[in-house]
Structure formats: structure tokens, C-alpha cells
Amino acid sequence: MKSGVERVTVYKVISVILLVILAFLFLFPLYWIVTGAFKTSVEINSVTPVWFPTEWSMENFSKLFAKRSAPLFEIGPFQGPVAPAAFRWLINTVFMAVAAMLLTCFTAAMAGYALAKKRFLGRGIIFGLIVCAMALPKQVILIPLLKEMAVLDLYNTLWAVILPTVGWPFGVFLMKQFSEGIPGEILEAARIDGASEFKTFTTVVMPIIKPGIGALAIFTFINSWNDYFMQLVMLQKGDIFTLPLGISTLQAETTVDMGLLMAGAAMAAAPIILIFLLFQKYFTQGITMGAVKG
């Protein structure tokens, strides 16, 4: 019995050591970006790595904010005050990612619920097409998508990046798997009480699948935020650039400025970290419930 306890203790110690090593490996790039954003150009370009800034400098952020200027927002003919373009790019990126997250979560939850709990002709075929679409790279549909956005007069607008994300097949698949666990008795009781289909969905279904929606929210936000390829193709006007796209245009004008690049990367990483911290509980619940179901 004693040897068994010792084996468990050794296993736990080794597990903790491995987890600490892995955590360090994953966190080190973020640490290097954040500290690099506050280093001077001499420390960044030093042959010997400078692990910690000897003098915290705002030089890189000053260059980032001084490069260009743009209206802070545009609503029809109305324009906001002129500010550094980086702030406008950040607002554009946050709006794009949040809008895509909200629309995707709501539509995917409705579609997943319908595919899981409704019986209609062609349900299996539709779900099969959705599963097949998950393996389809977006480059394959790029030309039709460009033509569609041009016909709808949405090309070179943020909606050209937002709307293609709304029908994300993975989101529908994930929400269907969560909706499968909804007890049919609860839905039947809501109908007997006179609840409409929409009220049943919003008051009964959504609270049950809330962990899955939280997990999907994180996936969608990060996917939209980091979708540099779609942003590069759909956005050509400087005022509607996203932050990653705007930083890349600044780099194209001069030689590679690693300090400027790290300042932009640190600014772009902050909202993603904030979203993860806000939805962390639901994300963990969603992954755990998905593992139990699988």
C-alpha cells in the first residue's frame, strides 16, 4: 500500500513538472512580445538576448501611433475625431470579431438545435453537407465569395469579413452535439405551457447549451481576429483595415522594425486574452461536457 502511495506521488510530481514546462513554452512567446514592445531598438536588435528591459520605453508605441491618422469612427456621413490609425484599426478589429462572434453563436445555436431536435425531410443530408463543409478550405470558395460580396456591394467593408463567418460549419456541428443532450420532456413541457418556438429556444434551450455557446464564442472570436487571409483579400481601404492588416502595411513601407511589430502584436493580443478570461468558465465546461459526450 505504501509503495502504491509513493508511485502516485511520483506520478503527480512528474505531471506537475511537465505541466510547468509546457506552460513556460506556451507563455514564453507572449512574454517575449510584451517585454519586447517596451524595449529600445538597441536592446531588441542586440546580438545577445536581453531577457528583461533595462529601461521601459514607450518608443515603439509612439511610432505605432504616430505613423498614420484616421477618423476614429464613421457612421454614414458622420466621422469621429481624427486619431492615430492604430486606434481605428483596433476598433475595426474588435467590431468585426464581436459581431462575428454574436451572429455565429446565435445562428449556430438555432441551426444546431433544429438539426438535433426537429424531424424534417432532408435533415440527415443537410447535416452531412455541413460535416463535409468543415473539411473544405476557404481558398476553394474564395472566387465565388468575392463575386458575391461585390454583387451585394459589401466588398471593401467589414461586413465582407463578418458575414462569411456567420455560417461556420464547425459552429453548427458543435451546437448540434450539445443540443442532442436536451431532454425532450423539457421541450414538451414548454409547448404544453403555451411557449412559442422562439420563446422555447431562448428561455429553455439556450440556458442548457450555454457552456457550448461560451466555447464557440471563444473559438469564433479568435478565428475572426486571426483570419488575416480573409482580411487581406476583402479589405483594401486603409480606414477599414484591421489591426494585423494595418501593422503589415506599416512594415511594408520601411525596413522591418521589430519593436513596432511587437508593439502591434501586444496591442492585438490584449483583447483575445480578455475574451478568454471572460469566457474561461464556459469554455472549460464546454470542453468537459464535449469530452463526456464523446
# chains A, B, ... in the order shown; residues from 1 in each chain; ligands from 1
$ residues_around --residues "A:Asn60" --least-positions-apart "2" --cutoff "8 Å" --atoms "only C-alpha atoms" --output "PyMOL selection string"
chain A and resi 37-40+57-58+62-64+259-260+263
$ residues_around --residues "A:Ile33" --least-positions-apart "3" --cutoff "12 Å" --atoms "only C-alpha atoms" --output "number ranges by chain"
A: 27-30, 36-39, 44, 51-53, 60, 258-270
$ residues_around --residues "stretch 122-132 of chain A" --least-positions-apart "4" --cutoff "9 Å" --atoms "only C-alpha atoms" --output "ChimeraX atom specification"
/A:114-115,118,136,168-170,172-173
$ write_last_selection --atoms "N, CA, C and O atoms" --output "short mmCIF file (atom, residue, chain, number, x, y, z; two decimals), in the first residue's frame"
data_model
loop_
_atom_site.label_atom_id
_atom_site.label_comp_id
_atom_site.auth_asym_id
_atom_site.auth_seq_id
_atom_site.Cartn_x
_atom_site.Cartn_y
_atom_site.Cartn_z
N ALA A 114 -32.17 22.92 -34.25
CA ALA A 114 -33.11 22.39 -35.24
C ALA A 114 -32.66 21.03 -35.77
O ALA A 114 -33.47 20.11 -35.92
N LEU A 115 -31.38 20.89 -36.04
CA LEU A 115 -30.87 19.62 -36.56
C LEU A 115 -30.91 18.51 -35.51
O LEU A 115 -31.03 17.33 -35.85
N LYS A 118 -35.44 18.64 -34.20
CA LYS A 118 -36.55 18.71 -35.14
C LYS A 118 -36.44 17.57 -36.15
O LYS A 118 -35.33 17.19 -36.54
N LEU A 136 -13.66 21.68 -46.04
CA LEU A 136 -13.47 22.47 -47.25
C LEU A 136 -12.66 23.72 -46.93
O LEU A 136 -13.12 24.57 -46.16
N TRP A 168 -20.51 29.35 -40.08
CA TRP A 168 -19.36 28.48 -39.81
C TRP A 168 -19.85 27.05 -39.57
O TRP A 168 -20.56 26.79 -38.59
N PRO A 169 -19.47 26.09 -40.41
CA PRO A 169 -19.96 24.71 -40.23
C PRO A 169 -19.57 24.10 -38.88
O PRO A 169 -20.36 23.35 -38.29
N PHE A 170 -18.37 24.41 -38.40
CA PHE A 170 -17.95 23.86 -37.11
C PHE A 170 -18.88 24.32 -36.00
O PHE A 170 -19.19 23.55 -35.08
N VAL A 172 -22.12 25.06 -36.19
CA VAL A 172 -23.37 24.30 -36.28
C VAL A 172 -23.16 22.88 -35.75
O VAL A 172 -23.99 22.35 -35.01
N PHE A 173 -22.04 22.27 -36.12
CA PHE A 173 -21.74 20.91 -35.66
C PHE A 173 -21.62 20.86 -34.14
O PHE A 173 -22.18 19.97 -33.48
#
$ residues_around --residues "A:Ala66" --least-positions-apart "6" --cutoff "12 Å" --atoms "only C-alpha atoms" --output "ChimeraX atom specification"
/A:59-60,83-87,250,260
$ write_last_selection --atoms "N, CA, C and O atoms" --output "PDB file, in the first residue's frame"
ATOM      1  N   GLU A  59       8.827  54.008 -26.833  1.00  0.00           N
ATOM      2  CA  GLU A  59       9.224  54.423 -28.180  1.00  0.00           C
ATOM      3  C   GLU A  59       8.453  53.660 -29.265  1.00  0.00           C
ATOM      4  O   GLU A  59       8.009  54.247 -30.250  1.00  0.00           O
ATOM      5  N   ASN A  60       8.303  52.356 -29.078  1.00  0.00           N
ATOM      6  CA  ASN A  60       7.640  51.550 -30.107  1.00  0.00           C
ATOM      7  C   ASN A  60       6.167  51.912 -30.247  1.00  0.00           C
ATOM      8  O   ASN A  60       5.643  51.985 -31.356  1.00  0.00           O
ATOM      9  N   ALA A  83      -7.729  60.499 -35.055  1.00  0.00           N
ATOM     10  CA  ALA A  83      -6.895  59.867 -34.030  1.00  0.00           C
ATOM     11  C   ALA A  83      -5.843  59.000 -34.725  1.00  0.00           C
ATOM     12  O   ALA A  83      -5.902  58.813 -35.954  1.00  0.00           O
ATOM     13  N   PRO A  84      -4.863  58.492 -33.986  1.00  0.00           N
ATOM     14  CA  PRO A  84      -3.912  57.556 -34.605  1.00  0.00           C
ATOM     15  C   PRO A  84      -4.634  56.393 -35.285  1.00  0.00           C
ATOM     16  O   PRO A  84      -5.619  55.854 -34.759  1.00  0.00           O
ATOM     17  N   ALA A  85      -4.161  56.025 -36.458  1.00  0.00           N
ATOM     18  CA  ALA A  85      -4.822  54.974 -37.235  1.00  0.00           C
ATOM     19  C   ALA A  85      -4.863  53.651 -36.472  1.00  0.00           C
ATOM     20  O   ALA A  85      -5.769  52.844 -36.693  1.00  0.00           O
ATOM     21  N   ALA A  86      -3.899  53.412 -35.593  1.00  0.00           N
ATOM     22  CA  ALA A  86      -3.880  52.157 -34.845  1.00  0.00           C
ATOM     23  C   ALA A  86      -5.128  52.002 -33.990  1.00  0.00           C
ATOM     24  O   ALA A  86      -5.646  50.890 -33.839  1.00  0.00           O
ATOM     25  N   PHE A  87      -5.634  53.122 -33.428  1.00  0.00           N
ATOM     26  CA  PHE A  87      -6.869  53.047 -32.645  1.00  0.00           C
ATOM     27  C   PHE A  87      -8.059  52.696 -33.540  1.00  0.00           C
ATOM     28  O   PHE A  87      -8.930  51.927 -33.154  1.00  0.00           O
ATOM     29  N   LEU A 250       2.300  49.010 -42.409  1.00  0.00           N
ATOM     30  CA  LEU A 250       3.362  49.859 -41.864  1.00  0.00           C
ATOM     31  C   LEU A 250       4.725  49.220 -42.078  1.00  0.00           C
ATOM     32  O   LEU A 250       5.701  49.898 -42.382  1.00  0.00           O
ATOM     33  N   LEU A 260       8.297  47.955 -33.521  1.00  0.00           N
ATOM     34  CA  LEU A 260       6.966  48.325 -33.986  1.00  0.00           C
ATOM     35  C   LEU A 260       6.085  47.094 -34.132  1.00  0.00           C
ATOM     36  O   LEU A 260       4.900  47.105 -33.777  1.00  0.00           O
TER      37      LEU A 260
END
$ residues_around --residues "A:Glu197" --least-positions-apart "6" --cutoff "10 Å" --atoms "only C-alpha atoms" --output "list in words"
Leu187, Ala190 and Arg191 of chain A
